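What's in target.txt: compact mmCIF, C-alpha atoms
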```txt
# COMPACT_ATOMS: atom_id res chain seq x y z
CA MET A 1 -10.66 122.74 -61.67
CA PRO A 2 -8.57 123.62 -64.80
CA GLY A 3 -5.51 122.22 -62.98
CA ARG A 4 -7.25 118.91 -62.37
CA ILE A 5 -8.22 118.62 -66.06
CA LYS A 6 -4.62 119.29 -67.13
CA SER A 7 -3.41 116.60 -64.73
CA LYS A 8 -5.83 114.02 -66.17
CA LEU A 9 -4.80 114.91 -69.74
CA ARG A 10 -1.12 114.48 -68.91
CA ALA A 11 -1.84 111.10 -67.22
CA SER A 12 -3.87 109.96 -70.22
CA LEU A 13 -1.12 110.93 -72.69
CA LYS A 14 1.49 109.25 -70.52
CA SER A 15 -0.61 106.06 -70.31
CA LYS A 16 -1.02 106.00 -74.11
CA LYS A 17 2.72 106.38 -74.55
CA ILE A 18 3.34 103.43 -72.21
CA ASN A 19 0.80 101.26 -74.05
CA VAL A 20 2.37 102.13 -77.41
CA PHE A 21 5.82 101.29 -76.02
CA ILE A 22 4.61 97.91 -74.69
CA LEU A 23 2.92 97.13 -78.01
CA PHE A 24 6.11 98.05 -79.87
CA LEU A 25 8.17 95.86 -77.49
CA ILE A 26 5.87 92.86 -78.01
CA SER A 27 5.91 93.34 -81.77
CA ALA A 28 9.70 93.49 -81.79
CA PHE A 29 9.90 90.32 -79.70
CA VAL A 30 7.49 88.46 -82.03
CA ILE A 31 9.46 89.54 -85.10
CA LEU A 32 12.71 88.46 -83.46
CA LEU A 33 11.19 85.10 -82.44
CA LEU A 34 9.84 84.46 -85.95
CA SER A 35 13.23 85.36 -87.38
CA LYS A 36 14.95 82.88 -85.07
CA LEU A 37 12.41 80.13 -85.73
CA SER A 38 12.72 80.48 -89.49
CA LYS A 39 16.48 79.87 -89.40
CA GLN A 40 18.20 76.49 -89.53
CA HIS A 41 19.67 75.12 -86.29
CA THR A 42 21.68 72.01 -85.44
CA ASN A 43 21.19 70.25 -82.11
CA THR A 44 21.23 66.81 -80.48
CA LEU A 45 18.08 65.44 -78.86
CA VAL A 46 17.28 62.25 -76.98
CA PHE A 47 14.43 60.33 -78.61
CA GLY A 48 12.44 57.71 -76.75
CA ILE A 49 11.74 54.30 -78.29
CA GLU A 50 8.15 53.40 -79.20
CA ARG A 51 7.99 49.63 -79.68
CA LEU A 52 5.41 48.34 -82.17
CA ASN A 53 4.23 44.80 -82.95
CA VAL A 54 6.31 43.04 -80.28
CA PRO A 55 5.53 39.30 -80.60
CA PRO A 56 2.93 38.40 -77.95
CA GLU A 57 4.95 35.39 -76.79
CA ASN A 58 7.90 37.65 -75.91
CA VAL A 59 8.36 40.39 -73.35
CA ILE A 60 11.02 43.10 -73.58
CA LEU A 61 12.98 43.32 -70.33
CA ASN A 62 13.52 46.57 -68.43
CA ASP A 63 17.28 46.62 -68.95
CA SER A 64 16.83 46.98 -72.72
CA THR A 65 17.75 50.11 -74.67
CA ARG A 66 15.18 52.86 -74.10
CA VAL A 67 16.57 55.93 -75.92
CA LEU A 68 18.39 57.03 -79.08
CA SER A 69 20.42 60.27 -79.38
CA LEU A 70 19.94 62.01 -82.75
CA THR A 71 21.68 65.07 -84.14
CA LEU A 72 19.29 67.01 -86.39
CA LYS A 73 19.45 70.11 -88.55
CA THR A 74 16.15 71.85 -89.17
CA HIS A 75 14.40 75.19 -88.78
CA GLY A 76 13.24 76.52 -85.44
CA PHE A 77 9.57 75.69 -85.92
CA LYS A 78 10.46 71.98 -86.01
CA TRP A 79 12.65 72.36 -82.93
CA LEU A 80 9.77 74.01 -81.13
CA LYS A 81 7.64 70.93 -81.85
CA TYR A 82 10.32 68.60 -80.44
CA TYR A 83 10.74 70.72 -77.31
CA LEU A 84 7.02 70.90 -76.62
CA ASN A 85 6.39 67.15 -77.06
CA GLU A 86 8.76 64.38 -76.05
CA PRO A 87 10.02 62.96 -79.37
CA SER A 88 10.18 59.24 -80.08
CA ILE A 89 11.33 56.82 -82.74
CA LYS A 90 8.97 54.03 -83.80
CA ILE A 91 10.54 50.57 -84.13
CA ASP A 92 8.39 47.90 -85.74
CA PHE A 93 9.42 44.50 -84.38
CA SER A 94 7.72 42.74 -87.30
CA LYS A 95 10.22 44.16 -89.85
CA ASP A 96 12.87 46.40 -88.25
CA VAL A 97 14.70 43.96 -85.97
CA LEU A 98 16.70 40.75 -86.11
CA LYS A 99 16.03 38.08 -83.48
CA LYS A 100 19.20 36.49 -82.16
CA ASP A 101 19.65 34.39 -79.00
CA SER A 102 17.86 36.32 -76.23
CA SER A 103 17.81 39.74 -77.94
CA PHE A 104 16.11 41.65 -80.71
CA ILE A 105 18.75 43.66 -82.59
CA TRP A 106 17.98 46.91 -84.42
CA THR A 107 20.58 48.15 -86.91
CA ARG A 108 19.35 50.74 -89.36
CA SER A 109 21.15 53.34 -91.44
CA LEU A 110 20.74 57.09 -91.10
CA SER A 111 19.05 57.26 -94.49
CA TYR A 112 16.53 54.54 -93.54
CA LEU A 113 15.72 56.32 -90.29
CA LYS A 114 15.36 59.66 -92.07
CA ASN A 115 13.09 58.26 -94.78
CA THR A 116 10.81 56.42 -92.34
CA GLN A 117 10.69 58.81 -89.38
CA PHE A 118 11.32 62.37 -90.61
CA ASP A 119 10.07 64.66 -93.37
CA SER A 120 12.16 66.46 -95.98
CA GLN A 121 12.60 69.54 -93.79
CA VAL A 122 14.67 67.61 -91.24
CA GLN A 123 18.26 66.62 -91.95
CA LEU A 124 19.51 63.68 -89.86
CA LEU A 125 23.25 64.05 -89.23
CA GLU A 126 24.17 61.55 -86.52
CA MET A 127 22.69 58.89 -84.25
CA SER A 128 24.03 57.16 -81.18
CA PRO A 129 24.14 54.26 -80.60
CA ASP A 130 23.97 52.83 -84.12
CA THR A 131 22.73 49.48 -82.80
CA LEU A 132 19.97 48.85 -80.25
CA TYR A 133 19.62 45.64 -78.25
CA PHE A 134 16.26 44.65 -76.79
CA LYS A 135 16.66 41.78 -74.35
CA PHE A 136 13.58 39.59 -74.15
CA ASP A 137 12.26 36.58 -72.31
CA VAL A 138 9.49 34.10 -73.03
CA ASN A 139 6.17 34.93 -71.45
CA GLU A 140 4.87 32.44 -68.93
CA VAL A 141 1.35 32.15 -67.53
CA LYS A 142 1.00 31.06 -63.90
CA LYS A 143 -1.89 30.86 -61.45
CA VAL A 144 -0.86 32.05 -57.98
CA PRO A 145 -2.90 31.74 -54.75
CA ILE A 146 -3.94 34.77 -52.69
CA SER A 147 -3.02 35.03 -49.00
CA VAL A 148 -5.24 37.30 -46.87
CA ASN A 149 -3.58 39.65 -44.37
CA SER A 150 -6.14 40.86 -41.85
CA ASP A 151 -6.53 42.20 -38.34
CA LEU A 152 -10.09 41.63 -37.15
CA LYS A 153 -11.55 42.74 -33.82
CA PHE A 154 -14.99 41.31 -33.13
CA SER A 155 -17.80 42.71 -31.01
CA LEU A 156 -18.38 40.78 -27.79
CA GLY A 157 -20.04 37.44 -28.54
CA PHE A 158 -19.24 37.43 -32.29
CA ASP A 159 -16.67 35.53 -34.35
CA LEU A 160 -16.08 33.93 -37.75
CA GLU A 161 -18.44 31.12 -38.67
CA SER A 162 -16.49 30.43 -41.89
CA PRO A 163 -12.83 31.02 -42.75
CA LEU A 164 -11.77 34.34 -44.22
CA VAL A 165 -11.33 33.78 -47.97
CA SER A 166 -10.57 35.87 -51.04
CA ASN A 167 -12.70 35.92 -54.17
CA PRO A 168 -11.07 34.98 -56.46
CA ASP A 169 -8.76 32.76 -54.43
CA SER A 170 -5.96 33.09 -57.00
CA ILE A 171 -4.86 35.37 -59.85
CA THR A 172 -3.08 34.80 -63.15
CA ILE A 173 0.37 36.30 -63.71
CA VAL A 174 1.88 36.71 -67.18
CA GLY A 175 5.52 37.64 -67.64
CA PRO A 176 9.10 36.45 -68.10
CA LYS A 177 9.62 32.91 -66.85
CA ALA A 178 12.51 33.95 -64.60
CA LEU A 179 10.28 36.44 -62.79
CA VAL A 180 7.04 34.44 -62.72
CA ASP A 181 8.71 31.27 -61.39
CA SER A 182 9.89 33.12 -58.28
CA ILE A 183 6.33 34.12 -57.23
CA TYR A 184 4.49 31.53 -55.11
CA GLN A 185 1.68 33.59 -53.61
CA ILE A 186 0.31 37.13 -53.65
CA PRO A 187 -0.66 38.76 -50.31
CA THR A 188 -3.45 41.24 -49.90
CA ASN A 189 -2.78 44.66 -48.48
CA ASP A 190 -3.13 44.72 -44.70
CA PHE A 191 -6.67 45.60 -43.68
CA SER A 192 -8.28 45.86 -40.27
CA LEU A 193 -11.84 45.96 -38.98
CA LYS A 194 -13.11 46.76 -35.50
CA ASP A 195 -16.32 45.79 -33.69
CA VAL A 196 -17.19 43.25 -36.37
CA LYS A 197 -20.63 41.68 -35.96
CA THR A 198 -21.85 41.30 -39.55
CA ASP A 199 -20.65 39.26 -42.51
CA ILE A 200 -17.44 40.52 -44.12
CA ASP A 201 -17.47 41.47 -47.80
CA GLN A 202 -14.74 43.99 -48.55
CA LYS A 203 -12.66 44.90 -51.58
CA VAL A 204 -8.95 44.79 -50.77
CA GLY A 205 -5.96 45.63 -52.98
CA LEU A 206 -3.11 43.21 -53.67
CA GLU A 207 0.59 43.68 -52.90
CA LEU A 208 1.85 43.15 -56.44
CA PRO A 209 5.51 43.14 -57.50
CA ASN A 210 6.50 46.51 -58.96
CA ASP A 211 7.74 45.34 -62.34
CA ASP A 212 6.50 46.58 -65.72
CA ASN A 213 7.34 43.20 -67.26
CA LEU A 214 4.58 41.48 -65.26
CA LYS A 215 0.86 41.56 -66.01
CA PHE A 216 -1.82 40.56 -63.50
CA SER A 217 -5.39 39.40 -64.04
CA HIS A 218 -6.53 41.23 -60.87
CA ARG A 219 -5.22 44.08 -58.76
CA ALA A 220 -7.82 43.69 -56.00
CA VAL A 221 -10.00 40.90 -54.58
CA LYS A 222 -13.09 40.58 -52.41
CA VAL A 223 -12.37 39.33 -48.88
CA GLN A 224 -15.39 37.49 -47.51
CA ALA A 225 -16.47 35.57 -44.42
CA THR A 226 -19.60 34.70 -42.47
CA VAL A 227 -19.84 36.21 -38.98
CA GLY A 228 -22.20 34.91 -36.29
CA LYS A 229 -22.96 34.92 -32.58
CA PHE A 230 -20.77 32.69 -30.42
CA THR A 231 -21.04 31.33 -26.91
CA GLU A 232 -18.98 29.16 -24.59
CA GLY A 233 -19.76 25.47 -24.29
CA THR A 234 -18.40 22.55 -22.25
CA VAL A 235 -18.38 18.81 -22.65
CA LYS A 236 -17.10 15.90 -20.53
CA VAL A 237 -14.49 13.79 -22.35
CA PRO A 238 -12.92 10.49 -21.16
CA VAL A 239 -9.14 10.32 -20.64
CA ASN A 240 -7.22 7.69 -22.60
CA LEU A 241 -3.83 6.32 -21.54
CA VAL A 242 -1.40 5.38 -24.31
CA ASN A 243 2.00 3.64 -24.39
CA VAL A 244 1.49 1.92 -21.05
CA PRO A 245 3.69 -1.21 -20.81
CA ASP A 246 1.74 -4.48 -20.63
CA SER A 247 3.56 -5.33 -17.42
CA LEU A 248 2.09 -2.37 -15.55
CA ASP A 249 -1.37 -1.86 -14.15
CA ILE A 250 -2.14 1.87 -13.93
CA LYS A 251 -4.87 3.46 -11.83
CA TYR A 252 -5.52 7.13 -12.62
CA PHE A 253 -7.92 9.88 -11.62
CA PRO A 254 -9.97 11.62 -12.88
CA LYS A 255 -11.00 9.40 -15.76
CA VAL A 256 -13.17 12.14 -17.31
CA VAL A 257 -12.29 15.82 -17.69
CA VAL A 258 -14.17 18.90 -18.90
CA VAL A 259 -13.29 20.54 -22.21
CA SER A 260 -14.44 24.11 -22.76
CA TYR A 261 -14.70 25.76 -26.14
CA TYR A 262 -16.13 28.62 -28.15
CA VAL A 263 -18.91 27.72 -30.59
CA SER A 264 -21.41 29.47 -32.82
CA LEU A 265 -25.02 29.43 -31.61
CA THR A 266 -26.12 27.68 -34.79
CA GLU A 267 -23.74 24.75 -34.11
CA PHE A 268 -24.08 24.63 -30.31
CA ASN A 269 -26.27 21.51 -30.22
CA ASN A 270 -24.13 19.68 -32.79
CA VAL A 271 -21.00 19.42 -30.62
CA LYS A 272 -20.60 15.92 -29.11
CA ALA A 273 -18.17 14.41 -26.62
CA GLN A 274 -17.01 11.86 -29.20
CA ASP A 275 -15.74 14.73 -31.36
CA PHE A 276 -12.87 15.14 -28.89
CA ARG A 277 -10.07 12.82 -27.76
CA ILE A 278 -7.83 13.34 -24.76
CA GLU A 279 -4.67 11.27 -24.27
CA CYS A 280 -2.04 10.90 -21.58
CA ASP A 281 1.22 9.52 -22.96
CA PHE A 282 2.94 7.32 -20.43
CA ASN A 283 6.23 7.66 -22.34
CA LYS A 284 6.29 11.32 -21.35
CA VAL A 285 6.20 10.58 -17.60
CA ALA A 286 9.48 11.51 -15.92
CA LYS A 287 11.14 9.19 -13.45
CA ASN A 288 9.58 9.34 -9.97
CA GLN A 289 6.71 11.40 -11.34
CA SER A 290 3.17 10.50 -10.26
CA VAL A 291 1.12 12.68 -12.63
CA LEU A 292 0.17 12.50 -16.29
CA ILE A 293 -0.32 15.52 -18.57
CA PRO A 294 -3.58 15.37 -20.56
CA GLU A 295 -3.39 16.47 -24.19
CA LEU A 296 -6.26 17.32 -26.53
CA VAL A 297 -5.27 15.38 -29.66
CA THR A 298 -8.60 15.59 -31.51
CA THR A 299 -11.02 18.52 -31.52
CA SER A 300 -14.42 19.10 -33.06
CA GLU A 301 -14.20 21.07 -36.31
CA LEU A 302 -17.20 23.11 -35.15
CA VAL A 303 -15.45 24.80 -32.20
CA LYS A 304 -12.73 27.36 -31.55
CA ASN A 305 -10.23 27.70 -28.68
CA ALA A 306 -10.92 24.28 -27.16
CA LYS A 307 -8.98 23.63 -23.93
CA ILE A 308 -8.89 21.09 -21.11
CA ASN A 309 -9.98 22.37 -17.73
CA GLN A 310 -7.60 19.98 -15.97
CA SER A 311 -3.84 20.32 -16.08
CA ARG A 312 -2.80 17.03 -14.42
CA ILE A 313 -4.02 13.45 -14.06
CA GLU A 314 -2.80 11.61 -10.98
CA PHE A 315 -1.88 7.94 -11.24
CA ILE A 316 -0.45 5.03 -9.29
CA VAL A 317 1.12 1.78 -10.44
CA THR A 318 -0.41 -1.34 -8.89
CA GLU A 319 1.00 -4.88 -8.96
```
Structure re-expressed in C-alpha cells:
Amino acid sequence: MPGRIKSKLRASLKSKKINVFILFLISAFVILLLSKLSKQHTNTLVFGIERLNVPPENVILNDSTRVLSLTLKTHGFKWLKYYLNEPSIKIDFSKDVLKKDSSFIWTRSLSYLKNTQFDSQVQLLEMSPDTLYFKFDVNEVKKVPISVNSDLKFSLGFDLESPLVSNPDSITIVGPKALVDSIYQIPTNDFSLKDVKTDIDQKVGLELPNDDNLKFSHRAVKVQATVGKFTEGTVKVPVNLVNVPDSLDIKYFPKVVVVSYYVSLTEFNNVKAQDFRIECDFNKVAKNQSVLIPELVTTSELVKNAKINQSRIEFIVTE
C-alpha cells in the first residue's frame, strides 16, 4: 500500500511539471507572437477592386481590371487583419474615374489612395499598375421567348389537350448590347415525366448563359398543360383529284377513304369530315403508273396523329 501511494505522488508531481512546462511554452509563444506583431513589416499584397456607383446605364465587362498590387509598411496587427480578410480598394465611379471611349480610367496618386483608403498607421510605398482600365458596354433590355424542353410519357389513353407552355412565356434580359443581341431564345432545363394522366404544372429551371454581365428577370418558369382522356376516332373523307389536264377524263376508286385519328373525349363529337381534305396530285403520277397517292393536306385542329387508311387510289384514263 505505501508503494502505491508513492507511485501516485510521483505521477502527480510529474503531471504538474508537464502542465507547468506546457503553460510556460504557450506563454513564451504568445510573448513572441505579440513581439512580432508589434514590429513594422513591409510586404506586397493583392487587393481586390470594389466598384461603387457604376452608372446604371453601363455595365463593366469581365475582361476589366480586377486587382491592384500594393506594397505596404505597417505593424503586424494590421497585416493580420489583411491576411484574415481579403482586402479590397473602393473605387467610386461617380468621382474617381474618367470616362473615355469605351473605358472608365482610374489614375490616382499614392498619396490620394493612402488618404482615402488607409489610416495613419499604414504607409503605402508602391502600387501596380498605376492606371486601371474598366471596359464597359451600354446596357440593353430585351425580351426573349422561352422554349420548353420536355420528355413526356403518358398513361394509356391520356394525352395533351392543350400545348405545353411556359408561364411566363418570355423573360427580360439586361446586359451589354453585344451579348444580349446574340440571344434569341432561352431553353428550359430538360425535364421528363412518366405515366402522366393529370394536368401538368411544374416549376422548371432555365438554361441561362453563364455570364456575370447579364441579368435575368427569371431563373425558372412554370411549365403547364391540360391533360385529358383520348380515344381513337375515324371519319370517311372524299378524295379530290388536282392538276388533271382538261383533255383527260379520269375514273378512280375508291372515291372515299377512311381517316383515323386520336382525339380527346371532350372533342370527340366535334370532329367532322369537312375538317379534313385529301388530294391526289396527278402531276406526281409517274409514266405508265396506274395509281394515285392520297395525301392528307388539311386536318382538323382537334385531332392528333391523323392518317389515311388507304395507301393507293387506282385510276384509269377514259376517252
Would you place a box with edges along x, y and z of the file around all atoms of segment 115-120 of chain A listed there, add 3 Å to each of its six sides, and report the centre and edge lengths in Å to one decimal, as JSON?
```
{"center_x": 11.6, "center_y": 61.4, "center_z": -92.7, "size_x": 9.0, "size_y": 16.0, "size_z": 12.6}
```
What's the separation between atom CA of Asn309 of chain A and atom CA of Val258 of chain A, in Å to one decimal place?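 Interatomic distance, atom CA of Asn309 of chain A to atom CA of Val258 of chain A: 5.6 Å.
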For Ser162 of chain A, which residue among A:Thr198, A:Ser182, A:Thr226, A:Thr131 is the nearest when counting all atoms listed in the file?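 Distance minimum relative to Ser162 of chain A lands on A:Thr226.
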Give me, as a tab-separated table, the closest atom pair and its distance (Å, one decimal) for every residue of segment 190-233 of chain A within a cut-off of 12 Å of segment 48-71 of chain A, counting only C-alpha atoms, rows sorted by chain and rising number.
```
residue	atom	partner	partner_atom	distance
A:Asn210	CA	A:Asn62	CA	11.8
A:Asp211	CA	A:Asn62	CA	8.5
A:Asp212	CA	A:Asn62	CA	7.5
A:Asn213	CA	A:Leu61	CA	6.4
A:Leu214	CA	A:Val59	CA	9.0
A:Lys215	CA	A:Val59	CA	10.6
```
Ser120 of chain A surroundings by all atoms listed in the file, 12 Å radius, close-in-sequence under 2 positions cut, as a list in words: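 In the requested format, the answer is Leu72, Lys73, Thr74, His75, Lys78, Ser111, Lys114, Asn115, Thr116, Gln117, Phe118, Val122, Gln123 and Leu124 of chain A.
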Distance atom CA of Lys177 of chain A-atom CA of Val141 of chain A, one decimal place?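 According to the coordinates, atom CA of Lys177 of chain A and atom CA of Val141 of chain A are separated by 8.3 Å.
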Contacts of Ser260 of chain A at 10 Å or less, counting all atoms listed in the file, minus same-chain residues fewer than 4 places along, as an MDAnalysis selection string? chainID A and resid 232:236 303:309
Go ahead and save the residues from that selection, with C-alpha atoms, as a PDB file, in the frame of the given file.
```pdb
ATOM      1  CA  GLU A 232     -18.980  29.160 -24.590  1.00  0.00           C
ATOM      2  CA  GLY A 233     -19.760  25.470 -24.290  1.00  0.00           C
ATOM      3  CA  THR A 234     -18.400  22.550 -22.250  1.00  0.00           C
ATOM      4  CA  VAL A 235     -18.380  18.810 -22.650  1.00  0.00           C
ATOM      5  CA  LYS A 236     -17.100  15.900 -20.530  1.00  0.00           C
ATOM      6  CA  VAL A 303     -15.450  24.800 -32.200  1.00  0.00           C
ATOM      7  CA  LYS A 304     -12.730  27.360 -31.550  1.00  0.00           C
ATOM      8  CA  ASN A 305     -10.230  27.700 -28.680  1.00  0.00           C
ATOM      9  CA  ALA A 306     -10.920  24.280 -27.160  1.00  0.00           C
ATOM     10  CA  LYS A 307      -8.980  23.630 -23.930  1.00  0.00           C
ATOM     11  CA  ILE A 308      -8.890  21.090 -21.110  1.00  0.00           C
ATOM     12  CA  ASN A 309      -9.980  22.370 -17.730  1.00  0.00           C
TER      13      ASN A 309
END
```
One decimal, in Å: what's the spacing between atom CA of Gln121 of chain A and atom CA of Trp106 of chain A?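 Atom CA of Trp106 of chain A lies 25.1 Å from atom CA of Gln121 of chain A.
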Write out as a PyMOL selection string the residues lying within 10 Å of Phe268 of chain A, counting all atoms listed in the file and excluding same-chain residues fewer than 3 positions away. chain A and resi 230-233+262-265+271-272+302-303
Shortest interatomic distance to Asn167 of chain A - which of A:Lys194, A:Gln40, A:Pro145, A:Lys284, counting only C-alpha atoms: A:Pro145
Nearest candidate to Leu241 of chain A (options A:Glu295, A:Asp130, A:Asp137, A:Glu207; using all atoms listed in the file):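 Of the candidates, the smallest distance to Leu241 of chain A is held by A:Glu295.
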Write out as a list of chain:residue names which residues come within 7 Å of Val204 of chain A when counting all atoms listed in the file, dropping same-chain ones fewer than 5 positions away. A:Thr188, A:Asn189, A:Ala220, A:Val221, A:Lys222, A:Val223
